[in-house]
Amino acid sequence: MHYDNSTSETKEIISGVSGPGGRGRMFPRRERRAYPLGLAGRLTLAFLILALYGCHRGICPAAPETQIARPAAERIAPPVAQKIPVELTTHGHTRIDEYFWLRERENPAVTKYLAAENDYTAAAMRHTEALQEKLFEEIVGRISQDDMSAPCLDNGYYYYFRFEEGKEYPVHCRRKDGMQAPEEVLLNVNEMAEGHEYYSVAGLAVSPDNAVLAFGVDTVSRRRYTIHFKDLRTGAILEDRIPDTTGRAAWAGDSRTVFYAVKDETLRPFKIARHEVGTDVSGDAAVFVETDPTFNAGVRRSKSGRYIFVTSHSTLSTEYRFLGADAPAAEFQVLQPREADLEYDAEHLGDSFYIVTNLGARNFRLMKTPVSKPLKENWTEVIPHREEVLLQGIELFDGHMALSERQDGLTRLRIIRLADRAEHYIDFGEETYSVRIGDNMEMGAGILRFEYSSLTTPNSTYEYDMETKEKRLVKREKVLGGFDPAGYESKRLYATARDGKRIPISLVYRKGIERDGNNPLLLYGYGSYGASMDAYFRSNLLSLLDRGFVYAIAHIRGGQEMGRSWYEDGKLLNKKNTFTDFVDCAEFLRSEKFTEPERLFAMGGSAGGLLVGAVINMRPDLFRGVVAAVPWVDVVTTMLDSSIPLTTAEYDEWGDPNDKAYYDYMLSYSPYDNVKAADYPAMLVTAGFHDSQVQYWEPAKWVARLRAMKNDGDVVLLHTNMGAGHGGVSGRFRRFRETALQYAFLLDLAGIRD
């Protein structure tokens with residue numbers, strides 16, 4: 001069993017973004033800070049901080065900003081970070097960074113400044129506190145408190161997790177042979193998390209003999225996990241502790257040996273090591289070391305259980321090594337040596353490896369090769385390349401294979417019987433939706449489990465008989481509070497970009513709205529790393545829809561919704577297509593009378609924060625308000641600093657600014673470097689102090705520069721979660737405190753106060 005329910009990575013796009021990794025795989029759900037003081041106490045605290053620290057590497061007094069819908073008498077001055085100019089010279093070009101000092105994580109003036117910003121945000125949003133509480137109660141009230149996942153069969157046990165009334169974390173369990181058997185609790189994360197502000201469990205993996213559980217724990221939110229082991233026969237936590245890992249372990253066939261990935265000081269997984277349970281971790285042998293800083297290393301067990309795969313991958317190149325799982329002390333063999341621009345993923349079935357690759361195939365194709373002859377000259381084609389279809393991945397069974405394909409912006413599931421190549425597609429019946437292959441641990445099963453959702457259909461788990469074509473609903477997310485999907489409508493529209501490309505837009509709104517331009521509309525975008533932003537259900541979004549909002553997802557270039565070319569047209573020296581696509585989608589929605597400029601809002605996070613940051617520099621007049629969650633905005637400085645996590649591994653995504661062509665291009669769109677004297681929209685910006693993907697100082701510096709340079713009086717708020725990282729706070733309900741803050745910010749700007 002390799003089962004992972006890392007609650008810190010539950011998808012909540014409306015609170016941030018999803019993505020494939022890098023500066024994009026995050027789902028910010030930060031809890032707003034709790035303040036026991038009333039308004040007077042908060043204002044006093046804020047001004048005490050200002051008076052105490054003055055302008056010494058910290059905060060200076062400022063003129064008041066315009067508060068959101070607040071009388072002038074209640075306005076307060078925002079904090080102002082001191083300007084300490086630092087010259088940054090590259091390729092003979094010098095930039096002046098007045099806020100470079102905010103990088104000093106250990107400097108008390110930095111944390112005091114961030115605390116003052118939090119106090120200011122709380123004071124500026126105080127008039128919405130009743131609305132925030134109402135939103136929070138609504139959102140949490142739709143969630144079934146004692147919910148349970150659909151059980152997954154693996155190696156004789158049914159694995160699942162469940163939640164208990166009022167508890168923040170899951171309880172991971174299993175039952176032998178059937179759900180009527182006694183429950184075995186693997187981990188009660190509620191008990192484990194006691195005394196921790198942040199707690200994440202990831203990478204649950206049970207040994208082949210079903211006796212030992214390996215799991216990773218992160219208590220800081222830097223995604224640096226310590227692997228632990230639990231004896232499932234006695235319930236004892238073993239003494240083995242493996243620090244600085246990804247949190248995931250791959251078991252060898254002997255049920256004693258595991259392989260794991262170690263992270264370096266930049267949080268790059270660079271080394272694969274072998275550990276025998278019960279021995280001193282200091283003696284663990286390295287079986288592979290990735291010396292190229294643009295590559296990340298990983299390790300996993302094949303679905304068949306017969307092989308251990310070590311992967312080394314960059315944005316545009318892959319290399320696999322494999323080892324028989326029953327011979328953990330043997331040497332790994334290279335499947336196919338890395339080559340520039342050659343990507344592939346491998347899985348095992350019978351005597352063959354099945355390989356999804358871009359070899360001679362921009363949209364990828366499926367190949368097959370004997371395990372004994374793995375090099376690419378022995379690969380034979382199973383599924384050819386198609387110009388109009390992107391092959392996303394495969395799921396192998398003894399008698400069938402399921403393919404995940406993307407065409408016209410939507411994922412399709414294709415079933416092929418291996419014996420005679422008979423095939424068919426599963427029909428879903430909606431014009432915009434999200435579907436993915438789920439947990440299918442058993443090779444011999446003729447049943448495909450998949451996860452389906454749409455903007456109006458709650459998340460649903462189905463089992464599909466690949467022979468009879470019968471589909472059975474196993475579980476559907478419970479949405480409490482009287483939700484009726486018939487009361488909402490979703491659509492797929494297309495905007496025409498300035499270069500003629502058709503940009504898909506997914507929309508959802510409450511039935512009966514008038515297309516008269518008077519609707520508030522929230523436009524979400526991401527557009528990086530080839531991550532496709534599918535239209536799936538989020539019950540928390542109902543709090544906006546029921547108050548008259550339209551919610552729209554712009555499927556812009558830089559994602560992969562329309563095939564590999566969609567990604568390539570939105571990266572490197574084509575990156576600005578991502579931003580202009582978003583602008584063109586916004587203009588299209590206005591022209592179609594879904595909204596008007598004073599009621600149009602934008603949201604993006606991480607690399608999506610780069611998107612909205614670049615867009616408001618290009619078109620500061622376009623939006624009334626913007627939510628930027630842990631935004632990556634200081635592009636040039638970050639990509640020049642190889643000590644920062646992810647930088648070197650992302651040269652193929654953004655370019656290497658040590659090359660002047662990339663430096664100049666990045667500089668032309670970097671949100672921080674292009675702030676200007678203009679009228680900007682009102683903004684709510686969030687950060688995580690322990691963020692390993694977008695360092696907290698990027699949003700902090702951006703807010704400081706925006707305040708110093710913009711011409712208008714619209715508010716710019718910064719909320720930094722001091723106890724969390726890129727994915728926000730841990731826990732099932734606490735994260736919605738920040739969702740409520742974001743929604744209250746948007747609703748207040750839209751003039752909706754209840």
# chains A, B, ... in the order shown; residues from 1 in each chain; ligands from 1
call {"tool": "select_by_dssp", "arguments": {"residues": "region 245-418 of chain A", "states": "helix (DSSP H, G or I)", "output": "number ranges by chain"}}
result
A: 281-283, 376-378
call {"tool": "select_by_dssp", "arguments": {"residues": "region 191-438 of chain A", "states": "strand (DSSP E or B)", "output": "PyMOL selection string"}}
result
chain A and resi 200-206+212-218+225-231+237+242-251+257-263+269-276+285-289+296-301+307-313+318-324+333-336+344-349+352-357+365-370+380-383+386+389-396+400-407+410-417+423-425+434-437
call {"tool": "closest_residue", "arguments": {"among": "A:Phe483, A:Phe322, A:Phe288, A:Trp654", "to": "Ala607 (chain A)", "atoms": "only C-alpha atoms"}}
result
A:Trp654
call {"tool": "closest_residue", "arguments": {"among": "A:Ser372, A:Thr234, A:Thr245, A:Asn674", "to": "Gly324 (chain A)", "atoms": "only C-alpha atoms"}}
result
A:Ser372
call {"tool": "residues_around", "arguments": {"residues": "Leu88 (chain A)", "least_positions_apart": "6", "cutoff": "9 Å", "atoms": "only C-alpha atoms", "output": "PyMOL selection string"}}
result
chain A and resi 94-97+637
call {"tool": "write_last_selection", "arguments": {"atoms": "all heavy atoms", "output": "mmCIF file, in the first residue's frame"}}
result
data_model
loop_
_atom_site.group_PDB
_atom_site.id
_atom_site.type_symbol
_atom_site.label_atom_id
_atom_site.label_comp_id
_atom_site.auth_asym_id
_atom_site.auth_seq_id
_atom_site.Cartn_x
_atom_site.Cartn_y
_atom_site.Cartn_z
ATOM 1 N N THR A 94 21.783 47.962 -13.694
ATOM 2 C CA THR A 94 21.642 48.066 -12.239
ATOM 3 C C THR A 94 20.188 48.319 -11.863
ATOM 4 O O THR A 94 19.541 49.223 -12.404
ATOM 5 C CB THR A 94 22.516 49.195 -11.680
ATOM 6 O OG1 THR A 94 23.894 48.894 -11.948
ATOM 7 C CG2 THR A 94 22.323 49.339 -10.171
ATOM 8 N N ARG A 95 19.698 47.503 -10.955
ATOM 9 C CA ARG A 95 18.388 47.716 -10.346
ATOM 10 C C ARG A 95 18.588 48.165 -8.901
ATOM 11 O O ARG A 95 19.524 47.715 -8.246
ATOM 12 C CB ARG A 95 17.558 46.416 -10.357
ATOM 13 C CG ARG A 95 17.185 45.930 -11.741
ATOM 14 C CD ARG A 95 16.468 44.578 -11.675
ATOM 15 N NE ARG A 95 17.342 43.536 -11.157
ATOM 16 C CZ ARG A 95 17.008 42.655 -10.207
ATOM 17 N NH1 ARG A 95 15.798 42.726 -9.649
ATOM 18 N NH2 ARG A 95 17.858 41.750 -9.805
ATOM 19 N N ILE A 96 17.701 49.003 -8.419
ATOM 20 C CA ILE A 96 17.749 49.459 -7.028
ATOM 21 C C ILE A 96 16.616 48.769 -6.278
ATOM 22 O O ILE A 96 15.440 48.921 -6.635
ATOM 23 C CB ILE A 96 17.600 50.984 -6.915
ATOM 24 C CG1 ILE A 96 18.663 51.702 -7.777
ATOM 25 C CG2 ILE A 96 17.698 51.416 -5.454
ATOM 26 C CD1 ILE A 96 20.084 51.413 -7.346
ATOM 27 N N ASP A 97 16.981 48.022 -5.263
ATOM 28 C CA ASP A 97 15.974 47.344 -4.435
ATOM 29 C C ASP A 97 15.990 47.981 -3.046
ATOM 30 O O ASP A 97 16.889 47.728 -2.242
ATOM 31 C CB ASP A 97 16.274 45.850 -4.356
ATOM 32 C CG ASP A 97 15.135 45.053 -3.709
ATOM 33 O OD1 ASP A 97 14.263 45.682 -3.078
ATOM 34 O OD2 ASP A 97 15.121 43.818 -3.840
ATOM 35 N N THR A 637 15.219 38.708 -9.354
ATOM 36 C CA THR A 637 16.101 38.495 -8.208
ATOM 37 C C THR A 637 16.090 37.039 -7.773
ATOM 38 O O THR A 637 17.147 36.454 -7.469
ATOM 39 C CB THR A 637 15.685 39.401 -7.039
ATOM 40 O OG1 THR A 637 15.688 40.762 -7.475
ATOM 41 C CG2 THR A 637 16.639 39.255 -5.863
#
call {"tool": "residues_around", "arguments": {"residues": "Asp679 (chain A)", "least_positions_apart": "2", "cutoff": "10 Å", "atoms": "only C-alpha atoms", "output": "list in words"}}
result
Ile616, Asn617, Arg619, Pro620, Asp621, Lys676, Ala677, Pro681, Ala682, Met709, Lys710, Asn711, Asp712, Gly713 and Asp714 of chain A
call {"tool": "closest_atom_pairs", "arguments": {"of": "region 417-448 of chain A", "to": "region 484-505 of chain A", "cutoff": "10 Å", "atoms": "only C-alpha atoms", "output": "tab-separated table"}}
result
residue	atom	partner	partner_atom	distance
A:Glu430	CA	A:Ser490	CA	9.0
A:Glu431	CA	A:Arg492	CA	6.5
A:Thr432	CA	A:Arg492	CA	6.0
A:Tyr433	CA	A:Ser490	CA	9.3
call {"tool": "atom_distance", "arguments": {"atom1": "CA of Asn440 (chain A)", "atom2": "CA of Arg301 (chain A)"}}
result
14.1 Å
call {"tool": "atom_distance", "arguments": {"atom1": "CA of Ile237 (chain A)", "atom2": "CA of Glu168 (chain A)"}}
result
22.3 Å
call {"tool": "residues_around", "arguments": {"residues": "Asp546 (chain A)", "least_positions_apart": "4", "cutoff": "12 Å", "atoms": "only C-alpha atoms", "output": "MDAnalysis selection string"}}
result
chainID A and resid 135 138 483:484 487:488 508:513 519:520 539:542 550:551 747 752 754
call {"tool": "atom_distance", "arguments": {"atom1": "CA of Val633 (chain A)", "atom2": "CA of Tyr696 (chain A)"}}
result
10.8 Å
call {"tool": "residues_around", "arguments": {"residues": "region 562-565 of chain A", "least_positions_apart": "5", "cutoff": "8 Å", "atoms": "only C-alpha atoms", "output": "JSON, numbers by chain"}}
result
{"A": [362, 363, 388, 389, 390, 406, 407, 408, 409, 530]}
call {"tool": "residues_around", "arguments": {"residues": "Leu413 (chain A)", "least_positions_apart": "4", "cutoff": "9 Å", "atoms": "only C-alpha atoms", "output": "PyMOL selection string"}}
result
chain A and resi 402-406+424-427+435-437
call {"tool": "closest_residue", "arguments": {"among": "A:Leu204, A:Ala586, A:Met192, A:Val171", "to": "Asp146 (chain A)", "atoms": "only C-alpha atoms"}}
result
A:Val171
call {"tool": "closest_residue", "arguments": {"among": "A:Val479, A:Leu232, A:Val289, A:Leu316", "to": "Gly141 (chain A)", "atoms": "only C-alpha atoms"}}
result
A:Val479
